[in-house]
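Asks: my_file_1.cif (mmCIF, C-alpha atoms) pasted underneath:
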```cif
data_upload
#
loop_
_atom_site.label_atom_id
_atom_site.label_comp_id
_atom_site.auth_asym_id
_atom_site.auth_seq_id
_atom_site.Cartn_x
_atom_site.Cartn_y
_atom_site.Cartn_z
CA MET A 26 26.64 -0.64 89.14
CA ALA A 27 25.58 -3.59 87.00
CA SER A 28 23.50 -2.69 83.99
CA VAL A 29 20.13 -4.19 83.25
CA GLY A 30 21.68 -6.06 80.36
CA GLN A 31 24.27 -7.55 82.66
CA GLU A 32 21.55 -8.60 85.08
CA LEU A 33 19.82 -10.44 82.28
CA LEU A 34 23.08 -12.06 81.27
CA ASP A 35 23.58 -13.20 84.83
CA VAL A 36 20.45 -15.33 84.74
CA PRO A 37 21.74 -18.92 84.99
CA LEU A 38 19.75 -20.04 81.99
CA PRO A 39 22.22 -22.71 80.80
CA GLU A 40 22.24 -24.21 84.28
CA MET A 41 18.46 -24.15 84.40
CA VAL A 42 18.22 -25.85 81.01
CA LEU A 43 20.77 -28.44 82.08
CA LYS A 44 18.94 -29.21 85.29
CA LEU A 45 15.60 -29.37 83.54
CA GLY A 46 17.08 -31.73 80.96
CA LEU A 47 18.59 -33.96 83.63
CA GLY A 48 15.33 -33.91 85.55
CA VAL A 49 13.36 -34.90 82.47
CA ALA A 50 15.85 -37.67 81.68
CA GLU A 51 15.66 -39.02 85.22
CA ALA A 52 11.87 -38.88 85.22
CA GLN A 53 11.75 -40.55 81.81
CA ARG A 54 13.95 -43.36 83.06
CA ALA A 55 11.71 -43.87 86.10
CA LEU A 56 8.63 -43.93 83.87
CA ASP A 57 10.23 -46.43 81.49
CA GLU A 58 11.27 -48.65 84.38
CA ASN A 59 7.73 -48.53 85.69
CA SER A 60 6.37 -49.53 82.28
CA VAL A 61 8.85 -52.38 82.01
CA GLU A 62 7.86 -53.58 85.49
CA THR A 63 4.25 -53.43 84.38
CA ALA A 64 5.08 -55.48 81.28
CA LYS A 65 6.81 -58.11 83.45
CA LEU A 66 3.84 -58.32 85.75
CA LEU A 67 1.43 -58.60 82.83
CA ALA A 68 3.55 -61.44 81.46
CA ASP A 69 3.76 -63.22 84.81
CA THR A 70 0.11 -62.93 85.76
CA THR A 71 -2.03 -65.62 84.22
CA VAL A 72 -5.76 -65.95 84.22
CA PRO A 73 -7.88 -68.93 83.17
CA ILE A 74 -10.11 -68.01 80.30
CA VAL A 75 -12.74 -70.03 78.51
CA LEU A 76 -12.18 -69.36 74.86
CA ALA A 77 -15.18 -71.13 73.47
CA VAL A 78 -18.66 -72.08 74.62
CA THR A 79 -20.65 -74.37 72.39
CA GLN A 80 -24.41 -74.09 72.46
CA THR A 81 -26.05 -77.11 70.96
CA ILE A 82 -29.69 -77.08 69.98
CA ALA A 83 -30.91 -80.62 69.61
CA ALA A 84 -33.53 -81.80 67.12
CA ASP A 85 -36.13 -81.84 69.88
CA GLY A 86 -35.39 -78.22 70.74
CA SER A 87 -33.47 -78.84 73.93
CA VAL A 88 -30.47 -76.64 74.44
CA SER A 89 -27.21 -77.67 76.00
CA PHE A 90 -23.98 -75.85 76.60
CA ALA A 91 -20.46 -77.17 76.61
CA GLN A 92 -17.44 -75.11 77.29
CA ALA A 93 -13.89 -75.68 76.24
CA PRO A 94 -11.48 -76.37 79.07
CA PRO A 95 -10.06 -73.15 80.54
CA VAL A 96 -6.72 -72.13 79.20
CA ASP A 97 -4.20 -70.26 81.33
CA VAL A 98 -2.94 -67.27 79.41
CA SER A 99 -0.94 -64.29 80.52
CA LEU A 100 -2.48 -60.85 80.58
CA LEU A 101 0.04 -59.83 77.94
CA GLN A 102 -1.19 -62.61 75.67
CA ILE A 103 -4.76 -61.49 76.09
CA GLY A 104 -3.81 -58.09 74.81
CA LEU A 105 -3.28 -56.01 77.90
CA MET A 106 -0.21 -53.96 77.09
CA PRO A 107 1.82 -51.57 79.23
CA THR A 108 1.45 -47.91 78.40
CA PHE A 109 4.66 -45.99 77.86
CA TYR A 110 4.85 -42.28 78.52
CA GLN A 111 7.15 -39.75 76.98
CA PHE A 112 7.97 -36.15 77.76
CA ALA A 113 6.81 -34.36 74.65
CA GLU A 114 7.65 -30.82 75.60
CA ALA A 115 9.59 -28.89 78.22
CA THR A 116 9.49 -25.13 78.56
CA ILE A 117 11.47 -22.75 80.73
CA GLU A 118 10.07 -19.29 81.22
CA VAL A 119 12.06 -16.70 83.13
CA THR A 120 10.58 -13.35 84.04
CA MET A 121 12.71 -10.63 85.61
CA ASP A 122 11.66 -7.32 87.02
CA ILE A 123 14.66 -5.04 87.43
CA LYS A 124 14.40 -1.62 89.04
CA THR A 125 17.39 0.64 89.45
CA THR A 126 17.38 4.01 91.18
CA LEU A 127 20.03 6.70 91.50
CA SER A 128 19.64 9.61 93.85
CA ARG A 129 22.03 12.47 94.53
CA GLU A 130 22.01 14.47 97.68
CA THR A 131 24.07 17.55 98.38
CA ASN A 132 24.24 19.01 101.85
CA ILE A 133 25.77 22.41 102.43
CA LYS A 134 26.33 23.63 105.92
CA VAL A 135 27.53 27.17 106.37
CA SER A 136 28.49 28.61 109.71
CA TYR A 137 29.70 32.12 110.37
CA LYS A 138 31.62 33.19 113.40
CA ALA A 139 32.77 36.74 114.24
CA LYS A 140 34.58 38.19 117.17
CA VAL A 141 35.01 41.81 118.02
CA GLY A 142 37.51 42.95 120.65
CA PHE A 143 39.65 45.98 121.46
CA ALA A 144 40.48 47.54 118.13
CA MET A 145 40.48 44.24 116.44
CA TRP A 146 38.02 41.84 115.11
CA SER A 147 38.02 38.51 113.44
CA ALA A 148 35.57 36.65 111.40
CA SER A 149 35.44 33.17 109.97
CA VAL A 150 33.14 31.43 107.66
CA LYS A 151 32.99 27.63 107.72
CA THR A 152 31.39 25.75 104.92
CA ASP A 153 30.83 22.01 104.84
CA VAL A 154 29.69 20.54 101.61
CA SER A 155 28.87 16.87 101.31
CA HIS A 156 27.68 14.99 98.27
CA ASN A 157 25.94 11.67 98.54
CA ARG A 158 25.05 9.44 95.69
CA LYS A 159 22.80 6.52 96.43
CA PHE A 160 22.36 3.57 94.16
CA GLY A 161 19.40 1.32 94.59
CA LYS A 162 18.75 -1.92 92.82
CA GLU A 163 15.78 -4.22 93.13
CA VAL A 164 15.66 -7.43 91.16
CA ARG A 165 12.71 -9.77 91.26
CA GLY A 166 12.63 -12.90 89.20
CA THR A 167 10.26 -15.76 88.68
CA SER A 168 10.76 -18.87 86.65
CA ARG A 169 8.24 -21.33 85.35
CA LEU A 170 9.01 -24.83 84.20
CA VAL A 171 6.38 -26.70 82.23
CA THR A 172 6.61 -30.26 81.00
CA ARG A 173 4.04 -32.19 79.01
CA MET A 174 3.79 -35.96 78.99
CA VAL A 175 1.98 -38.03 76.39
CA PRO A 176 1.38 -41.76 76.11
CA VAL A 177 3.30 -43.38 73.27
CA PRO A 178 3.04 -46.81 71.65
CA PRO A 179 5.10 -49.54 73.29
CA PRO A 180 8.48 -50.18 71.74
CA ALA A 181 8.50 -52.60 68.84
CA ARG A 182 9.29 -56.22 69.66
CA LEU A 183 8.17 -55.83 73.24
CA GLU A 184 6.96 -59.37 72.89
CA PRO A 185 7.42 -62.07 70.27
CA VAL A 186 5.06 -62.16 67.35
CA LEU A 187 2.83 -65.22 67.45
CA ASN A 188 2.93 -67.28 64.24
CA VAL A 189 0.63 -70.28 63.92
CA VAL A 190 1.53 -73.12 61.57
CA ASP A 191 -1.42 -75.47 61.17
CA ASN A 192 -0.32 -78.80 59.75
CA ARG A 193 -3.64 -80.54 60.13
CA PRO A 194 -4.91 -82.16 56.94
CA ALA A 195 -7.61 -80.28 55.20
CA PRO A 196 -11.12 -81.63 55.96
CA VAL A 197 -12.62 -83.89 53.29
CA VAL A 198 -15.84 -82.48 51.90
CA MET B 14 -5.53 -28.51 87.76
CA ARG B 15 -4.54 -29.76 91.19
CA GLY B 16 -1.75 -29.50 93.67
CA ALA B 17 1.30 -31.67 93.90
CA PRO B 18 0.96 -35.18 95.24
CA GLU B 19 1.69 -35.76 98.90
CA GLY B 20 5.41 -35.70 99.57
CA ALA B 21 6.31 -33.76 96.43
CA THR B 22 5.62 -30.36 97.94
CA GLY B 23 8.31 -30.65 100.62
CA ILE B 24 11.47 -29.74 98.75
CA TYR B 25 9.74 -27.39 96.34
CA GLY B 26 7.98 -25.66 99.17
CA LYS B 27 11.30 -24.79 100.78
CA PHE B 28 12.14 -22.74 97.69
CA GLY B 29 8.75 -21.12 97.61
CA ALA B 30 7.79 -22.95 94.46
CA THR B 31 4.39 -24.29 93.67
CA VAL B 32 3.92 -27.47 91.71
CA GLN B 33 0.76 -28.05 89.78
CA PHE B 34 -0.35 -31.00 87.74
CA GLN B 35 -2.93 -30.74 85.04
CA ASP B 36 -5.10 -33.79 84.91
CA GLY B 37 -5.22 -35.65 81.64
CA PRO B 38 -7.84 -38.11 80.51
CA GLN B 39 -8.52 -41.24 82.50
CA GLY B 40 -6.82 -44.48 81.59
CA LEU B 41 -6.36 -47.98 82.93
CA PHE B 42 -3.68 -48.70 85.51
CA LEU B 43 -2.51 -51.98 86.94
CA VAL B 44 -2.27 -51.46 90.69
CA VAL B 45 -0.37 -53.95 92.81
CA SER B 46 -0.51 -53.76 96.57
CA SER B 47 1.97 -55.39 98.90
CA ASN B 48 -0.39 -55.43 101.85
CA GLY B 49 -3.88 -56.39 100.94
CA ASP B 50 -6.70 -54.90 98.93
CA PRO B 51 -5.78 -51.51 97.43
CA THR B 52 -9.40 -50.59 96.69
CA SER B 53 -9.77 -47.99 99.44
CA ARG B 54 -6.53 -46.26 98.45
CA VAL B 55 -7.48 -46.25 94.77
CA ILE B 56 -10.82 -44.66 95.59
CA ALA B 57 -9.19 -42.19 97.97
CA HIS B 58 -7.07 -40.92 95.06
CA GLY B 59 -10.09 -40.50 92.83
CA GLY B 60 -9.87 -43.76 90.92
CA GLN B 61 -12.36 -46.53 90.26
CA ILE B 62 -11.85 -50.28 90.33
CA ALA B 63 -12.44 -51.76 86.90
CA LEU B 64 -11.30 -55.35 87.43
CA ARG B 65 -9.92 -57.61 90.14
CA LEU B 66 -7.32 -59.97 88.85
CA ASN B 67 -6.43 -62.56 91.43
CA GLY B 68 -7.92 -64.26 94.42
CA THR B 69 -5.99 -62.28 97.01
CA GLY B 70 -7.36 -58.98 95.74
CA ALA B 71 -3.91 -57.43 95.73
CA VAL B 72 -3.88 -56.83 91.99
CA VAL B 73 -6.56 -54.67 90.44
CA VAL B 74 -7.10 -52.73 87.26
CA ALA B 75 -8.18 -49.22 88.11
CA ARG B 76 -9.50 -46.39 86.00
CA MET B 77 -7.81 -43.13 86.91
CA THR B 78 -5.71 -40.28 85.55
CA LEU B 79 -1.92 -40.41 85.34
CA THR B 80 -1.66 -37.77 88.03
CA GLN B 81 -3.82 -39.81 90.35
CA ALA B 82 -1.75 -42.91 89.58
CA LEU B 83 1.53 -41.12 90.31
CA SER B 84 0.04 -39.89 93.55
CA LEU B 85 -1.19 -43.37 94.42
CA GLN B 86 2.22 -44.85 93.74
CA ARG B 87 3.69 -42.83 96.58
CA GLU B 88 1.35 -44.50 99.05
CA ARG B 89 2.93 -46.90 101.45
CA GLY B 90 1.99 -50.44 100.54
CA ILE B 91 1.43 -49.74 96.85
CA ARG B 92 4.04 -51.74 94.98
CA MET B 93 3.22 -50.44 91.56
CA ALA B 94 0.72 -48.45 89.55
CA GLY B 95 1.51 -48.85 85.88
CA GLY B 96 -0.49 -47.70 82.89
CA ILE B 97 -1.99 -50.37 80.65
CA HIS B 98 -4.25 -50.46 77.64
CA MET B 99 -6.13 -53.11 75.74
CA ASN B 100 -4.81 -54.09 72.34
CA LEU B 101 -7.80 -55.57 70.56
CA GLU B 102 -5.71 -56.79 67.64
CA ARG B 103 -3.68 -58.97 69.97
CA TYR B 104 -6.85 -60.25 71.60
CA GLN B 105 -8.28 -61.21 68.23
CA ALA B 106 -4.97 -62.87 67.33
CA LEU B 107 -5.12 -64.91 70.53
CA LEU B 108 -8.65 -66.02 69.79
CA ALA B 109 -7.65 -66.99 66.27
CA SER B 110 -4.57 -68.89 67.46
CA VAL B 111 -6.49 -71.10 69.88
CA GLY B 112 -9.23 -71.77 67.39
CA ALA B 113 -12.06 -69.93 69.03
CA ALA B 114 -14.90 -70.20 66.55
CA GLY B 115 -18.25 -68.66 65.93
CA MET B 116 -21.55 -70.44 65.32
CA THR B 117 -21.64 -73.58 63.21
CA ARG B 118 -24.73 -75.41 62.09
CA GLY B 119 -24.69 -79.20 62.58
#
```
Render the structure in this file as structure tokens.
Replies:
Amino acid sequence: MASVGQELLDVPLPEMVLKLGLGVAEAQRALDENSVETAKLLADTTVPIVLAVTQTIAADGSVSFAQAPPVDVSLLQIGLMPTFYQFAEATIEVTMDIKTTLSRETNIKVSYKAKVGFAMWSASVKTDVSHNRKFGKEVRGTSRLVTRMVPVPPPARLEPVLNVVDNRPAPVV
Amino acid sequence: MRGAPEGATGIYGKFGATVQFQDGPQGLFLVVSSNGDPTSRVIAHGGQIALRLNGTGAVVVARMTLTQALSLQRERGIRMAGGIHMNLERYQALLASVGAAGMTRG
């Protein structure tokens, strides 16, 4: 009969950890791919935006508006960035409830037989003894897997850094 | 706390397992539909439309939780539901680079 300690040792914990790790890795890859797809779409989708509206108040008090021509910019340029997610924590919890029982049962059956005849008699005693030992084992187990995901900053150099070099001559005052 | 998204319970259910997702805070998600306006599906999953991005109405920015977005992504006709956020520093940099200016007195 396997001991309780052996039962605990038989829990496939390494396999569970391996499968959880592979599952997390696979899910992480899918999440990263989704974020990269989002980044591509943000880069490919352009919207016309008016970056400046000039309100002019004339000397006579009349007001006029003039807007700069719309500029097509990508959503990524505007500042919409993909959110990346990361598995921050993974927990395996195994709970086992082991119940072992041992019962012994002894049955004794005694029978007596006697015969009496002409000047003779006979007697016999028959005894049957049986021993039974019963082992019972009941194992109940539950496992709980918990993962926690958190948003993380996008990887560095997801997009080129914009540097502006203004070579216009300085205005004369 | 809520149950697993549609379709995820199948294989786990066969093993008697229950899958639960704990809702996090809401965020912005770019939702792209391959067959028309995804508004009704976004709302059905508990989200709200924050912005419509193109004329066809197939691309929207929705406000929802990650769990709701993952659930939405399993819907037929939803091409993608990816998390996004606004980087105000980049927006300011864009404005500065194109010379957007404030008020000037003539």
Asks: What residues in chain A have any atom no more than 6 Å from chain B when counting all atoms listed in the file, and can you write them as a VMD selection string?
Replies: chain A and resid 63 76 to 77 103 to 108
Asks: Contacts between stretch 113-122 of chain A and stretch 47-83 of chain A, please, where a residue of stretch 47-83 of chain A counts if it comes within 12 Å (with only C-alpha atoms); show its shortest atom pair and distance in Å to one decimal, rows by chain and ascending number, as CSV.
Replies:
```
residue,atom,partner,partner_atom,distance
A:Leu47,CA,A:Ala115,CA,11.7
A:Gly48,CA,A:Ala115,CA,10.6
A:Val49,CA,A:Ala115,CA,8.3
A:Ala50,CA,A:Ala115,CA,11.3
A:Gln53,CA,A:Ala113,CA,10.7
```
Asks: Please write the residues picked by the PyMOL selection byres ((chain B and resi 62) around 9) on this file as a list in words.
Replies: Thr52, Val55, Ile56, Gly60, Gln61, Ala63, Leu64, Arg65, Val73, Val74, Ala75, Arg76 and Met77 of chain B
Asks: Around (1.2, -60.6, 82.5) in the file's own coordinates, what residues are found within 9 Å if you use all atoms listed in the file, given back as a list of chain:residue names?
Replies: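 Residues with an atom at most 9 Å from (1.2, -60.6, 82.5): A:Thr63, A:Ala64, A:Lys65, A:Leu66, A:Leu67, A:Ala68, A:Asp69, A:Thr70, A:Thr71, A:Val72, A:Val98, A:Ser99, A:Leu100, A:Leu101, A:Gln102, A:Ile103, A:Leu105, A:Met106.
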Asks: Around the point (-1.9, -33.6, 87.6), in the coordinates given by the file, pick out the residues reaching within 12 Å, counting all atoms listed in the file, and return them as a list of chain:residue names.
Replies: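 Neighbouring residues, ordered by chain and number, come to A:Thr172, A:Arg173, A:Met174, B:Met14, B:Arg15, B:Gly16, B:Ala17, B:Pro18, B:Val32, B:Gln33, B:Phe34, B:Gln35, B:Asp36, B:Gly37, B:Pro38, B:Gln39, B:His58, B:Gly59, B:Met77, B:Thr78, B:Leu79, B:Thr80, B:Gln81, B:Ala82, B:Leu83, B:Ser84, B:Leu85.
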Asks: Once the PyMOL selection byres ((chain A and resi 158-164) around 9) is applied to the coordinates I shared, what remains selected? I want it as a CSV table (one decimal) with C-alpha atoms, keeping the file's coordinate frame.
Replies:
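Heads up, here's the output in result32.csv:
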```csv
chain,number,residue,atom,x,y,z
A,26,MET,CA,26.6,-0.6,89.1
A,32,GLU,CA,21.6,-8.6,85.1
A,121,MET,CA,12.7,-10.6,85.6
A,122,ASP,CA,11.7,-7.3,87.0
A,123,ILE,CA,14.7,-5.0,87.4
A,124,LYS,CA,14.4,-1.6,89.0
A,125,THR,CA,17.4,0.6,89.4
A,126,THR,CA,17.4,4.0,91.2
A,127,LEU,CA,20.0,6.7,91.5
A,128,SER,CA,19.6,9.6,93.8
A,129,ARG,CA,22.0,12.5,94.5
A,130,GLU,CA,22.0,14.5,97.7
A,131,THR,CA,24.1,17.6,98.4
A,156,HIS,CA,27.7,15.0,98.3
A,157,ASN,CA,25.9,11.7,98.5
A,165,ARG,CA,12.7,-9.8,91.3
A,166,GLY,CA,12.6,-12.9,89.2
```
Asks: Counting only C-alpha atoms, which of A:Ala195, A:Val171, A:Met41, A:Val135 gets nearest to A:Asp153?
Replies: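 With only C-alpha atoms as the atom set, the closest residue is A:Val135.
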Asks: Applied to this file, what does the PyMOL selection byres ((chain A and resi 175) around 6) return in terms of residues, put as a ChimeraX atom specification?
Replies: /A:110-111,174,176
Asks: Can you tell me how far atom CA of A:Ile82 sits from atom CA of A:Arg193, in Å to one decimal?
Replies: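 Computing the Euclidean distance for atom CA of A:Ile82 and atom CA of A:Arg193 yields 28.1 Å.
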Asks: Smallest atom-to-atom distance to A:Val154: which of A:Val190, A:Leu56, A:Ile133, A:Val61, using only C-alpha atoms?
Replies: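 Going through A:Val190, A:Leu56, A:Ile133, A:Val61 one by one, the smallest distance to A:Val154 is for A:Ile133.
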Asks: Could you tell me how far atom CA of B:Ser46 lies from atom CA of A:Ile74, in Å and to one decimal?
Replies: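 Separating atom CA of B:Ser46 from atom CA of A:Ile74 is a distance of 23.7 Å.
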Asks: Report the distance between atom CA of A:Asp57 and atom CA of A:Pro73 in Å, rounded to one decimal place.
Replies: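 Pair atom CA of A:Asp57 / atom CA of A:Pro73 returns 28.9 Å.
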